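Structure file final_38.pdb with PDB, C-alpha atoms:
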ATOM      1  CA  MET A   1    -103.730-145.595 139.353
ATOM      2  CA  ILE A   2    -102.571-145.585 142.993
ATOM      3  CA  GLY A   3     -98.993-145.056 141.796
ATOM      4  CA  TYR A   4     -99.994-141.957 139.827
ATOM      5  CA  ILE A   5    -102.035-140.542 142.707
ATOM      6  CA  MET A   6     -99.138-141.053 145.142
ATOM      7  CA  SER A   7     -96.514-139.658 142.760
ATOM      8  CA  ILE A   8     -98.547-136.580 141.783
ATOM      9  CA  SER A   9     -99.358-135.913 145.462
ATOM     10  CA  VAL A  10     -95.652-136.026 146.370
ATOM     11  CA  LEU A  11     -94.849-133.716 143.438
ATOM     12  CA  LEU A  12     -97.470-131.161 144.513
ATOM     13  CA  LEU A  13     -96.141-131.306 148.084
ATOM     14  CA  ALA A  14     -92.580-130.803 146.801
ATOM     15  CA  ILE A  15     -93.659-127.777 144.719
ATOM     16  CA  TRP A  16     -95.492-126.295 147.690
ATOM     17  CA  LEU A  17     -92.448-126.702 149.958
ATOM     18  CA  GLY A  18     -90.083-125.447 147.247
ATOM     19  CA  VAL A  19     -92.090-122.256 146.783
ATOM     20  CA  SER A  20     -92.935-121.608 150.437
ATOM     21  CA  VAL A  21     -89.835-122.587 152.412
ATOM     22  CA  GLY A  22     -86.601-120.591 152.417
ATOM     23  CA  SER A  23     -84.772-117.817 154.195
ATOM     24  CA  VAL A  24     -88.038-115.878 153.852
ATOM     25  CA  LYS A  25     -91.188-117.924 154.412
ATOM     26  CA  VAL A  26     -93.809-117.120 151.785
ATOM     27  CA  PRO A  27     -97.411-118.406 151.954
ATOM     28  CA  ILE A  28     -98.413-120.504 148.951
ATOM     29  CA  GLN A  29    -101.515-118.347 148.336
ATOM     30  CA  THR A  30     -99.144-115.641 147.077
ATOM     31  CA  LEU A  31     -99.271-117.545 143.769
ATOM     32  CA  TRP A  32    -102.873-116.531 143.128
ATOM     33  CA  ASP A  33    -103.426-113.596 145.527
ATOM     34  CA  THR A  34    -103.334-110.447 143.357
ATOM     35  CA  GLY A  35    -103.276-108.279 146.485
ATOM     36  CA  ALA A  36    -100.232-109.987 148.021
ATOM     37  CA  ASP A  37     -97.178-108.072 149.179
ATOM     38  CA  ALA A  38     -95.017-106.991 146.195
ATOM     39  CA  ILE A  39     -91.799-108.338 147.759
ATOM     40  CA  ALA A  40     -93.374-111.752 148.432
ATOM     41  CA  THR A  41     -94.752-111.854 144.874
ATOM     42  CA  ASN A  42     -91.315-111.095 143.417
ATOM     43  CA  ILE A  43     -89.694-113.783 145.584
ATOM     44  CA  VAL A  44     -92.238-116.359 144.404
ATOM     45  CA  TRP A  45     -92.478-115.520 140.695
ATOM     46  CA  LYS A  46     -88.967-114.285 139.921
ATOM     47  CA  ILE A  47     -86.814-116.467 142.184
ATOM     48  CA  ARG A  48     -88.486-119.548 143.645
ATOM     49  CA  MET A  49     -91.017-120.640 141.027
ATOM     50  CA  PRO A  50     -88.578-120.655 138.069
ATOM     51  CA  ARG A  51     -86.083-122.490 140.294
ATOM     52  CA  VAL A  52     -88.664-125.113 141.293
ATOM     53  CA  VAL A  53     -89.849-125.570 137.691
ATOM     54  CA  LEU A  54     -86.283-125.889 136.386
ATOM     55  CA  ALA A  55     -85.344-128.389 139.128
ATOM     56  CA  GLY A  56     -88.462-130.371 138.240
ATOM     57  CA  LEU A  57     -87.601-130.421 134.522
ATOM     58  CA  VAL A  58     -83.992-131.480 135.186
ATOM     59  CA  GLY A  59     -84.985-134.241 137.621
ATOM     60  CA  ALA A  60     -87.746-135.491 135.322
ATOM     61  CA  SER A  61     -85.405-135.524 132.299
ATOM     62  CA  LEU A  62     -82.631-137.460 134.049
ATOM     63  CA  ALA A  63     -85.077-139.940 135.600
ATOM     64  CA  ILE A  64     -86.982-140.823 132.417
ATOM     65  CA  ALA A  65     -83.715-141.040 130.441
ATOM     66  CA  GLY A  66     -82.333-143.397 133.102
ATOM     67  CA  ALA A  67     -85.501-145.517 132.969
ATOM     68  CA  ALA A  68     -85.201-145.819 129.169
ATOM     69  CA  PHE A  69     -81.475-146.709 129.278
ATOM     70  CA  GLN A  70     -82.074-149.324 131.979
ATOM     71  CA  SER A  71     -84.820-150.978 129.928
ATOM     72  CA  LEU A  72     -82.872-150.765 126.673
ATOM     73  CA  LEU A  73     -79.740-152.300 128.205
ATOM     74  CA  LYS A  74     -81.698-154.585 130.555
ATOM     75  CA  ASN A  75     -79.610-153.501 133.527
ATOM     76  CA  PRO A  76     -80.626-151.504 136.646
ATOM     77  CA  LEU A  77     -77.087-150.057 136.930
ATOM     78  CA  ALA A  78     -77.393-148.219 133.609
ATOM     79  CA  ASP A  79     -78.097-144.491 133.659
ATOM     80  CA  PRO A  80     -76.819-141.339 131.882
ATOM     81  CA  TYR A  81     -74.092-140.998 134.535
ATOM     82  CA  THR A  82     -72.632-144.529 134.445
ATOM     83  CA  LEU A  83     -72.889-144.758 130.632
ATOM     84  CA  GLY A  84     -70.769-141.638 130.132
ATOM     85  CA  VAL A  85     -73.606-139.698 128.478
ATOM     86  CA  SER A  86     -73.597-137.107 131.256
ATOM     87  CA  SER A  87     -69.830-136.619 130.828
ATOM     88  CA  GLY A  88     -70.271-136.200 127.065
ATOM     89  CA  ALA A  89     -72.950-133.588 127.663
ATOM     90  CA  SER A  90     -70.627-131.856 130.153
ATOM     91  CA  VAL A  91     -67.787-131.713 127.609
ATOM     92  CA  GLY A  92     -70.140-130.166 125.038
ATOM     93  CA  ALA A  93     -71.341-127.539 127.513
ATOM     94  CA  VAL A  94     -67.898-126.773 129.002
ATOM     95  CA  ALA A  95     -66.402-126.444 125.484
ATOM     96  CA  THR A  96     -69.161-123.947 124.658
ATOM     97  CA  LEU A  97     -68.294-121.882 127.748
ATOM     98  CA  PHE A  98     -64.520-122.314 127.324
ATOM     99  CA  PHE A  99     -64.381-121.229 123.674
ATOM    100  CA  GLY A 100     -67.200-118.696 124.021
ATOM    101  CA  ILE A 101     -69.161-120.348 121.216
ATOM    102  CA  SER A 102     -72.337-118.585 120.176
ATOM    103  CA  ILE A 103     -74.139-119.499 116.960
ATOM    104  CA  PRO A 104     -76.341-116.561 115.859
ATOM    105  CA  PHE A 105     -79.366-118.516 114.619
ATOM    106  CA  LEU A 106     -79.353-120.672 117.798
ATOM    107  CA  GLY A 107     -78.915-117.832 120.312
ATOM    108  CA  ILE A 108     -79.508-119.054 123.879
ATOM    109  CA  PHE A 109     -80.029-122.573 122.514
ATOM    110  CA  THR A 110     -76.309-122.854 121.587
ATOM    111  CA  LEU A 111     -75.371-124.348 124.971
ATOM    112  CA  PRO A 112     -78.084-127.047 125.134
ATOM    113  CA  VAL A 113     -77.557-127.985 121.463
ATOM    114  CA  PHE A 114     -73.804-128.499 121.945
ATOM    115  CA  SER A 115     -74.492-130.346 125.189
ATOM    116  CA  MET A 116     -76.962-132.669 123.440
ATOM    117  CA  VAL A 117     -74.544-133.291 120.576
ATOM    118  CA  GLY A 118     -71.852-134.208 123.123
ATOM    119  CA  ALA A 119     -74.258-136.581 124.867
ATOM    120  CA  LEU A 120     -75.375-138.292 121.644
ATOM    121  CA  VAL A 121     -71.850-138.646 120.201
ATOM    122  CA  THR A 122     -70.642-140.146 123.484
ATOM    123  CA  MET A 123     -73.522-142.632 123.556
ATOM    124  CA  LEU A 124     -72.789-143.734 119.981
ATOM    125  CA  LEU A 125     -69.054-144.063 120.729
ATOM    126  CA  VAL A 126     -69.752-146.133 123.858
ATOM    127  CA  ILE A 127     -72.047-148.503 121.942
ATOM    128  CA  SER A 128     -69.621-148.759 118.985
ATOM    129  CA  PHE A 129     -66.576-149.414 121.171
ATOM    130  CA  ALA A 130     -68.448-151.971 123.269
ATOM    131  CA  LYS A 131     -69.463-153.763 120.068
ATOM    132  CA  LEU A 132     -65.807-153.906 118.957
ATOM    133  CA  VAL A 133     -64.762-155.359 122.314
ATOM    134  CA  ASP A 134     -67.664-157.786 122.599
ATOM    135  CA  ARG A 135     -69.903-158.564 119.608
ATOM    136  CA  GLY A 136     -72.447-160.003 122.023
ATOM    137  CA  MET A 137     -72.788-156.518 123.552
ATOM    138  CA  LYS A 138     -73.066-157.812 127.109
ATOM    139  CA  MET A 139     -74.438-155.283 129.527
ATOM    140  CA  GLU A 140     -71.347-155.263 131.739
ATOM    141  CA  THR A 141     -69.215-154.488 128.671
ATOM    142  CA  ILE A 142     -71.363-151.461 127.821
ATOM    143  CA  ILE A 143     -71.302-150.165 131.400
ATOM    144  CA  LEU A 144     -67.535-150.625 131.759
ATOM    145  CA  THR A 145     -67.058-148.889 128.392
ATOM    146  CA  GLY A 146     -69.210-146.035 129.668
ATOM    147  CA  ILE A 147     -67.052-145.721 132.765
ATOM    148  CA  ILE A 148     -63.891-145.655 130.587
ATOM    149  CA  PHE A 149     -65.310-142.885 128.385
ATOM    150  CA  SER A 150     -66.572-141.003 131.434
ATOM    151  CA  SER A 151     -63.053-141.030 132.949
ATOM    152  CA  PHE A 152     -61.472-139.891 129.675
ATOM    153  CA  LEU A 153     -64.002-137.093 129.160
ATOM    154  CA  GLY A 154     -63.496-136.048 132.780
ATOM    155  CA  SER A 155     -59.809-135.518 132.005
ATOM    156  CA  VAL A 156     -60.773-133.422 128.944
ATOM    157  CA  ILE A 157     -62.897-131.216 131.202
ATOM    158  CA  SER A 158     -60.009-130.951 133.698
ATOM    159  CA  LEU A 159     -57.695-129.887 130.868
ATOM    160  CA  MET A 160     -60.070-127.102 129.798
ATOM    161  CA  ILE A 161     -60.350-125.967 133.422
ATOM    162  CA  ALA A 162     -56.537-125.920 133.743
ATOM    163  CA  LEU A 163     -56.236-123.778 130.598
ATOM    164  CA  THR A 164     -59.091-121.419 131.336
ATOM    165  CA  GLY A 165     -58.841-117.878 132.592
ATOM    166  CA  GLU A 166     -61.797-115.672 133.369
ATOM    167  CA  GLU A 167     -64.283-118.475 132.629
ATOM    168  CA  LEU A 168     -62.969-120.605 135.512
ATOM    169  CA  ARG A 169     -65.515-119.504 138.106
ATOM    170  CA  GLN A 170     -68.391-119.952 135.652
ATOM    171  CA  ILE A 171     -67.271-123.443 134.609
ATOM    172  CA  ILE A 172     -66.539-124.667 138.160
ATOM    173  CA  GLY A 173     -69.845-123.293 139.451
ATOM    174  CA  TRP A 174     -71.685-124.949 136.581
ATOM    175  CA  LEU A 175     -69.938-128.328 137.050
ATOM    176  CA  LEU A 176     -70.939-128.542 140.721
ATOM    177  CA  GLY A 177     -74.600-128.625 139.699
ATOM    178  CA  SER A 178     -77.150-125.987 140.621
ATOM    179  CA  VAL A 179     -80.475-124.497 139.548
ATOM    180  CA  SER A 180     -80.130-121.272 141.531
ATOM    181  CA  MET A 181     -80.546-117.854 139.901
ATOM    182  CA  ARG A 182     -81.348-119.354 136.502
ATOM    183  CA  GLY A 183     -84.665-117.586 135.907
ATOM    184  CA  TRP A 184     -87.454-118.235 133.417
ATOM    185  CA  SER A 185     -85.107-117.913 130.411
ATOM    186  CA  PHE A 186     -83.477-121.243 131.338
ATOM    187  CA  VAL A 187     -86.894-122.862 131.712
ATOM    188  CA  GLN A 188     -87.847-121.607 128.234
ATOM    189  CA  MET A 189     -84.517-122.871 126.871
ATOM    190  CA  ALA A 190     -84.941-126.375 128.330
ATOM    191  CA  LEU A 191     -88.679-126.955 127.875
ATOM    192  CA  PRO A 192     -88.819-127.622 124.087
ATOM    193  CA  PHE A 193     -86.024-130.207 124.269
ATOM    194  CA  VAL A 194     -87.542-131.878 127.339
ATOM    195  CA  ILE A 195     -90.886-132.215 125.527
ATOM    196  CA  ILE A 196     -89.301-133.634 122.336
ATOM    197  CA  GLY A 197     -87.015-136.046 124.221
ATOM    198  CA  THR A 198     -89.851-137.257 126.454
ATOM    199  CA  LEU A 199     -92.141-137.817 123.456
ATOM    200  CA  LEU A 200     -89.415-139.836 121.694
ATOM    201  CA  LEU A 201     -89.175-142.148 124.696
ATOM    202  CA  TRP A 202     -92.934-142.274 125.295
ATOM    203  CA  ILE A 203     -93.790-143.402 121.761
ATOM    204  CA  ASN A 204     -91.292-146.271 122.206
ATOM    205  CA  ARG A 205     -92.674-147.490 125.540
ATOM    206  CA  ARG A 206     -94.150-150.697 124.068
ATOM    207  CA  GLU A 207     -90.989-151.384 122.083
ATOM    208  CA  LEU A 208     -88.952-151.025 125.288
ATOM    209  CA  ASN A 209     -91.186-153.657 126.876
ATOM    210  CA  ALA A 210     -90.617-155.970 123.901
ATOM    211  CA  MET A 211     -86.834-155.454 124.022
ATOM    212  CA  LEU A 212     -86.773-156.509 127.687
ATOM    213  CA  PHE A 213     -87.178-160.083 126.389
ATOM    214  CA  GLY A 214     -84.240-159.751 124.001
ATOM    215  CA  GLU A 215     -83.721-158.221 120.568
ATOM    216  CA  GLU A 216     -84.490-161.442 118.675
ATOM    217  CA  ARG A 217     -87.834-161.821 120.444
ATOM    218  CA  ALA A 218     -88.598-158.167 119.772
ATOM    219  CA  LYS A 219     -87.898-158.668 116.044
ATOM    220  CA  HIS A 220     -90.302-161.617 115.980
ATOM    221  CA  LEU A 221     -92.918-159.319 117.511
ATOM    222  CA  GLY A 222     -92.476-156.900 114.617
ATOM    223  CA  VAL A 223     -90.235-154.294 116.280
ATOM    224  CA  ASP A 224     -87.740-152.488 114.047
ATOM    225  CA  VAL A 225     -85.042-152.852 116.717
ATOM    226  CA  LYS A 226     -82.318-150.792 115.031
ATOM    227  CA  LYS A 227     -84.617-147.823 114.347
ATOM    228  CA  ARG A 228     -86.237-147.940 117.785
ATOM    229  CA  LYS A 229     -82.898-148.209 119.607
ATOM    230  CA  MET A 230     -81.641-145.140 117.769
ATOM    231  CA  MET A 231     -84.809-143.190 118.659
ATOM    232  CA  ILE A 232     -84.437-144.148 122.319
ATOM    233  CA  LEU A 233     -80.740-143.233 122.359
ATOM    234  CA  ILE A 234     -81.476-139.870 120.709
ATOM    235  CA  GLY A 235     -84.340-139.144 123.115
ATOM    236  CA  GLY A 236     -82.304-140.121 126.199
ATOM    237  CA  SER A 237     -79.266-138.156 125.013
ATOM    238  CA  MET A 238     -81.422-135.106 124.255
ATOM    239  CA  LEU A 239     -82.909-135.173 127.754
ATOM    240  CA  THR A 240     -79.516-135.713 129.407
ATOM    241  CA  GLY A 241     -77.852-132.990 127.343
ATOM    242  CA  THR A 242     -80.621-130.529 128.150
ATOM    243  CA  ALA A 243     -80.513-131.293 131.877
ATOM    244  CA  VAL A 244     -76.729-130.963 132.018
ATOM    245  CA  SER A 245     -76.726-127.752 129.972
ATOM    246  CA  VAL A 246     -79.021-125.875 132.377
ATOM    247  CA  SER A 247     -77.993-127.341 135.733
ATOM    248  CA  GLY A 248     -74.504-128.831 135.426
ATOM    249  CA  THR A 249     -73.590-132.387 136.393
ATOM    250  CA  ILE A 250     -76.121-133.941 138.765
ATOM    251  CA  GLY A 251     -75.536-137.638 139.280
ATOM    252  CA  PHE A 252     -77.598-140.609 140.471
ATOM    253  CA  VAL A 253     -81.094-139.238 139.716
ATOM    254  CA  GLY A 254     -81.311-141.374 136.565
ATOM    255  CA  LEU A 255     -80.169-144.412 138.546
ATOM    256  CA  VAL A 256     -82.165-144.149 141.772
ATOM    257  CA  VAL A 257     -85.582-142.960 140.598
ATOM    258  CA  PRO A 258     -86.298-145.592 137.886
ATOM    259  CA  HIS A 259     -85.055-148.391 140.157
ATOM    260  CA  MET A 260     -87.276-147.312 143.066
ATOM    261  CA  THR A 261     -90.203-146.794 140.682
ATOM    262  CA  ARG A 262     -89.859-150.369 139.413
ATOM    263  CA  LEU A 263     -89.632-151.726 142.952
ATOM    264  CA  LEU A 264     -92.817-149.919 143.972
ATOM    265  CA  PHE A 265     -94.970-150.037 140.832
ATOM    266  CA  GLY A 266     -93.683-152.843 138.569
ATOM    267  CA  SER A 267     -91.574-152.925 135.417
ATOM    268  CA  ASP A 268     -94.105-152.090 132.674
ATOM    269  CA  ASN A 269     -92.564-149.156 130.773
ATOM    270  CA  ARG A 270     -96.010-147.789 129.969
ATOM    271  CA  HIS A 271     -96.051-146.796 133.658
ATOM    272  CA  VAL A 272     -92.348-146.749 134.573
ATOM    273  CA  LEU A 273     -91.564-143.915 132.130
ATOM    274  CA  PRO A 274     -94.280-141.426 133.246
ATOM    275  CA  LEU A 275     -93.898-142.321 136.930
ATOM    276  CA  SER A 276     -90.117-141.902 136.728
ATOM    277  CA  PHE A 277     -90.697-138.507 135.084
ATOM    278  CA  ILE A 278     -92.972-137.382 137.939
ATOM    279  CA  ASN A 279     -90.864-138.867 140.749
ATOM    280  CA  GLY A 280     -87.623-137.517 139.265
ATOM    281  CA  ALA A 281     -89.117-134.021 139.321
ATOM    282  CA  SER A 282     -90.180-134.466 142.961
ATOM    283  CA  LEU A 283     -86.775-135.782 144.048
ATOM    284  CA  LEU A 284     -84.758-132.938 142.554
ATOM    285  CA  ILE A 285     -87.138-130.242 143.825
ATOM    286  CA  ILE A 286     -86.744-131.677 147.346
ATOM    287  CA  CYS A 287     -82.946-132.040 146.945
ATOM    288  CA  ASP A 288     -82.744-128.425 145.791
ATOM    289  CA  LEU A 289     -84.805-127.328 148.801
ATOM    290  CA  VAL A 290     -82.424-129.202 151.122
ATOM    291  CA  SER A 291     -79.356-127.758 149.367
ATOM    292  CA  ARG A 292     -80.460-124.166 149.979
ATOM    293  CA  THR A 293     -81.840-124.561 153.516
ATOM    294  CA  ILE A 294     -79.726-127.170 155.340
ATOM    295  CA  ILE A 295     -76.908-124.726 156.177
ATOM    296  CA  SER A 296     -78.669-121.474 155.273
ATOM    297  CA  PRO A 297     -77.622-118.837 154.248
ATOM    298  CA  THR A 298     -74.839-120.874 152.586
ATOM    299  CA  GLU A 299     -76.081-122.943 149.652
ATOM    300  CA  LEU A 300     -74.741-126.396 148.832
ATOM    301  CA  PRO A 301     -74.425-127.619 145.227
ATOM    302  CA  ILE A 302     -77.427-129.805 144.458
ATOM    303  CA  GLY A 303     -75.128-132.519 143.101
ATOM    304  CA  VAL A 304     -73.766-133.022 146.637
ATOM    305  CA  ILE A 305     -77.238-133.845 147.973
ATOM    306  CA  THR A 306     -78.104-136.264 145.142
ATOM    307  CA  ALA A 307     -74.736-138.019 145.605
ATOM    308  CA  PHE A 308     -75.408-138.482 149.333
ATOM    309  CA  ILE A 309     -78.697-140.172 148.444
ATOM    310  CA  GLY A 310     -77.583-141.936 145.274
ATOM    311  CA  ALA A 311     -74.264-143.491 146.266
ATOM    312  CA  PRO A 312     -75.720-145.777 148.990
ATOM    313  CA  VAL A 313     -78.610-146.764 146.688
ATOM    314  CA  PHE A 314     -76.119-147.527 143.887
ATOM    315  CA  ALA A 315     -74.158-149.740 146.308
ATOM    316  CA  PHE A 316     -77.372-151.496 147.354
ATOM    317  CA  ILE A 317     -78.391-152.195 143.725
ATOM    318  CA  PHE A 318     -74.889-153.425 142.886
ATOM    319  CA  PHE A 319     -74.883-155.738 145.915
ATOM    320  CA  LYS A 320     -78.296-157.146 144.959
ATOM    321  CA  GLN A 321     -77.147-157.781 141.376
ATOM    322  CA  ARG A 322     -74.016-159.579 142.601
ATOM    323  CA  LYS A 323     -76.095-161.779 144.900
ATOM    324  CA  LYS A 324     -78.262-162.708 141.905
ATOM    325  CA  GLY A 325     -75.173-163.448 139.834
ATOM    326  CA  GLY A 326     -75.627-160.356 137.647
ATOM    327  CA  VAL A 327     -73.165-157.565 136.854
TER     328      VAL A 327
END

Kindly return the structure encoded in the file as structure tokens.
Amino acid sequence: MIGYIMSISVLLLAIWLGVSVGSVKVPIQTLWDTGADAIATNIVWKIRMPRVVLAGLVGASLAIAGAAFQSLLKNPLADPYTLGVSSGASVGAVATLFFGISIPFLGIFTLPVFSMVGALVTMLLVISFAKLVDRGMKMETIILTGIIFSSFLGSVISLMIALTGEELRQIIGWLLGSVSMRGWSFVQMALPFVIIGTLLLWINRRELNAMLFGEERAKHLGVDVKKRKMMILIGGSMLTGTAVSVSGTIGFVGLVVPHMTRLLFGSDNRHVLPLSFINGASLLIICDLVSRTIISPTELPIGVITAFIGAPVFAFIFFKQRKKGGV
């Protein structure tokens, strides 16, 4: 209970700062004051609030997906970024922008759908290739396979950038990672997929706990391992694809947040998943606030801020695992 109180308090503080602080300081009561200044109301409801909500959804999606992948693969170094899922989602989204793909019955959902398909296909390819290399499916094999696929898919993205014309600015801006000037339409586009992906992971929280003790043990406990693994992979890929499609590539959130959540509140996935969701939202809202205020009026890509935080934490986790004799 203390963990939830602390996490929700930090999230509310992050939302308050995200809405209030900026080049123009706006009091938080503007949210409910019907007599507030029209300019301040527009700043809050048309610019800052959709940005804060979208940052929260992206951070929450990446964090809970990272928590699920880490539990499924039993490795704290696993996340959508290191497993290549983020790169797969990026290829799907960049291909959509590069070829100008628009499917009529999908409309604005074309980009997130293609991004999710890219994420899921990449995850399946990583698992399949790792199984060919090592039938025991050791965790280090899966992670190294993810890094190989991530490098290859990065070169595919570079090729599309090299061949692009007018779309170059749009693709480069998107790849750097940002939630600025997205508006409520992006929130509406992401929300259904975030809800579905989160529910898929949430209903498998007990199965994730069982699989922490090994697949054979989980089978003895009555878990349909193959079915549950596929549900978790689909849910994690859906969340990653959605996050990437609306914000670009933002690394390390899915690595740092679940790891810190486990350190602070234990490893029970019944709590790790929801707490990672909340803390991931808080982290990215704060990172976005820093990105737009640290050298105001210039705005840094949000991916730069998360990398500054995430890279040292990644090194720390890796060092700890090596000391324990892990990956």

(request) Please provide the set of residues having any atom within 8 Å of A:Thr249, restricted to only C-alpha atoms, with same-chain residues fewer than 3 positions apart removed, written as a PyMOL selection string. (result) chain A and resi 86-87+90+174-177+244+303

(request) Take the PyMOL selection byres ((chain A and resi 282-297) around 9), apply it to the structure above, and return the hits as a ChimeraX atom specification. (result) /A:7-8,10-15,17-18,21-23,51-60,178-180,253,257,277-281,298-306

Kindly export the residues of the current selection with C-alpha atoms, as an mmCIF file, keeping the file's coordinate frame.
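part-v7.cif, written as the output of this step:
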data_model
loop_
_atom_site.group_PDB
_atom_site.id
_atom_site.type_symbol
_atom_site.label_atom_id
_atom_site.label_comp_id
_atom_site.auth_asym_id
_atom_site.auth_seq_id
_atom_site.Cartn_x
_atom_site.Cartn_y
_atom_site.Cartn_z
ATOM 1 C CA SER A 7 -96.514 -139.658 142.760
ATOM 2 C CA ILE A 8 -98.547 -136.580 141.783
ATOM 3 C CA VAL A 10 -95.652 -136.026 146.370
ATOM 4 C CA LEU A 11 -94.849 -133.716 143.438
ATOM 5 C CA LEU A 12 -97.470 -131.161 144.513
ATOM 6 C CA LEU A 13 -96.141 -131.306 148.084
ATOM 7 C CA ALA A 14 -92.580 -130.803 146.801
ATOM 8 C CA ILE A 15 -93.659 -127.777 144.719
ATOM 9 C CA LEU A 17 -92.448 -126.702 149.958
ATOM 10 C CA GLY A 18 -90.083 -125.447 147.247
ATOM 11 C CA VAL A 21 -89.835 -122.587 152.412
ATOM 12 C CA GLY A 22 -86.601 -120.591 152.417
ATOM 13 C CA SER A 23 -84.772 -117.817 154.195
ATOM 14 C CA ARG A 51 -86.083 -122.490 140.294
ATOM 15 C CA VAL A 52 -88.664 -125.113 141.293
ATOM 16 C CA VAL A 53 -89.849 -125.570 137.691
ATOM 17 C CA LEU A 54 -86.283 -125.889 136.386
ATOM 18 C CA ALA A 55 -85.344 -128.389 139.128
ATOM 19 C CA GLY A 56 -88.462 -130.371 138.240
ATOM 20 C CA LEU A 57 -87.601 -130.421 134.522
ATOM 21 C CA VAL A 58 -83.992 -131.480 135.186
ATOM 22 C CA GLY A 59 -84.985 -134.241 137.621
ATOM 23 C CA ALA A 60 -87.746 -135.491 135.322
ATOM 24 C CA SER A 178 -77.150 -125.987 140.621
ATOM 25 C CA VAL A 179 -80.475 -124.497 139.548
ATOM 26 C CA SER A 180 -80.130 -121.272 141.531
ATOM 27 C CA VAL A 253 -81.094 -139.238 139.716
ATOM 28 C CA VAL A 257 -85.582 -142.960 140.598
ATOM 29 C CA PHE A 277 -90.697 -138.507 135.084
ATOM 30 C CA ILE A 278 -92.972 -137.382 137.939
ATOM 31 C CA ASN A 279 -90.864 -138.867 140.749
ATOM 32 C CA GLY A 280 -87.623 -137.517 139.265
ATOM 33 C CA ALA A 281 -89.117 -134.021 139.321
ATOM 34 C CA THR A 298 -74.839 -120.874 152.586
ATOM 35 C CA GLU A 299 -76.081 -122.943 149.652
ATOM 36 C CA LEU A 300 -74.741 -126.396 148.832
ATOM 37 C CA PRO A 301 -74.425 -127.619 145.227
ATOM 38 C CA ILE A 302 -77.427 -129.805 144.458
ATOM 39 C CA GLY A 303 -75.128 -132.519 143.101
ATOM 40 C CA VAL A 304 -73.766 -133.022 146.637
ATOM 41 C CA ILE A 305 -77.238 -133.845 147.973
ATOM 42 C CA THR A 306 -78.104 -136.264 145.142
#

(message) Using all atoms listed in the file, can you tell me which of A:Val113, A:Ile28, A:Ile103, A:Ile250 comes closest to A:Pro192?
(response) A:Val113

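Atom pair atom CA of A:Ile39 / atom CA of A:Ser9 has a distance of 28.7 Å (rounded to one decimal).
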
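Taking all atoms listed in the file into account, the protein, DNA and RNA residues within 8 Å of (-70.3, -134.9, 127.4) read Gly84, Val85, Ser86, Ser87, Gly88, Ala89, Ser90, Val91, Gly92, Ala93, Ser115, Gly118, Ala119, Thr122, Leu153 and Gly241 of chain A.
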
(message) Could you list, as JSON, numbers by chain, every residue within 9 Å of A:Gln70, counting all atoms listed in the file and ignoring same-chain residues fewer than 4 positions away?
(response) {"A": [65, 66, 74, 75, 76, 77, 78, 79, 255, 258, 259]}

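Among the candidate residues A:Val94, A:Gly310, A:Thr41, A:Lys229, the one lying nearest to A:Glu215 is A:Lys229, with distances computed using only C-alpha atoms.
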
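Between atom CA of A:Ser276 and atom CA of A:Ile64 the interatomic distance comes to 5.4 Å.
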
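Using all atoms listed in the file, the smallest distance between any of A:Leu221, A:Gly183, A:Met116, A:Leu168 and A:Trp45 comes from A:Gly183.
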
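Atom CA of A:Ile5 to atom CA of A:Met189 spans 29.5 Å [interatomic distance, one decimal].
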
First collect every listed atom of stretch 76-88 of chain A; then fit an axis-aligned box around them, widen it by 5 Å on each side, and give centre and edge lengths in Å to one decimal, as JSON.
{"center_x": -75.2, "center_y": -143.9, "center_z": 132.0, "size_x": 20.8, "size_y": 25.3, "size_z": 19.9}

Hey, what's within 9 Å of A:Ile147 if we count all atoms listed in the file and toss same-chain stuff fewer than 6 positions away? As an mmCIF file with C-alpha atoms, in the frame of the given file, please?
data_model
loop_
_atom_site.group_PDB
_atom_site.id
_atom_site.type_symbol
_atom_site.label_atom_id
_atom_site.label_comp_id
_atom_site.auth_asym_id
_atom_site.auth_seq_id
_atom_site.Cartn_x
_atom_site.Cartn_y
_atom_site.Cartn_z
ATOM 1 C CA TYR A 81 -74.092 -140.998 134.535
ATOM 2 C CA THR A 82 -72.632 -144.529 134.445
ATOM 3 C CA LEU A 83 -72.889 -144.758 130.632
ATOM 4 C CA GLY A 84 -70.769 -141.638 130.132
#

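Each of A:Val256, A:Leu263, A:Ile161, A:Met123 was checked against A:Phe314 using all atoms listed in the file; the smallest atom-to-atom distance is that of A:Val256.
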
(message) Running the PyMOL selection byres ((chain A and resi 265-271) around 7) on this model by hand, what would come out? Give it as a ChimeraX atom specification.
(response) /A:3,205-206,208-209,261-264,272-275

Selection above as a file: C-alpha atoms, as a PDB file, keeping the file's coordinate frame:
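Output file part34.pdb is given in full below:
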ATOM      1  CA  GLY A   3     -98.993-145.056 141.796  1.00  0.00           C
ATOM      2  CA  ARG A 205     -92.674-147.490 125.540  1.00  0.00           C
ATOM      3  CA  ARG A 206     -94.150-150.697 124.068  1.00  0.00           C
ATOM      4  CA  LEU A 208     -88.952-151.025 125.288  1.00  0.00           C
ATOM      5  CA  ASN A 209     -91.186-153.657 126.876  1.00  0.00           C
ATOM      6  CA  THR A 261     -90.203-146.794 140.682  1.00  0.00           C
ATOM      7  CA  ARG A 262     -89.859-150.369 139.413  1.00  0.00           C
ATOM      8  CA  LEU A 263     -89.632-151.726 142.952  1.00  0.00           C
ATOM      9  CA  LEU A 264     -92.817-149.919 143.972  1.00  0.00           C
ATOM     10  CA  VAL A 272     -92.348-146.749 134.573  1.00  0.00           C
ATOM     11  CA  LEU A 273     -91.564-143.915 132.130  1.00  0.00           C
ATOM     12  CA  PRO A 274     -94.280-141.426 133.246  1.00  0.00           C
ATOM     13  CA  LEU A 275     -93.898-142.321 136.930  1.00  0.00           C
TER      14      LEU A 275
END
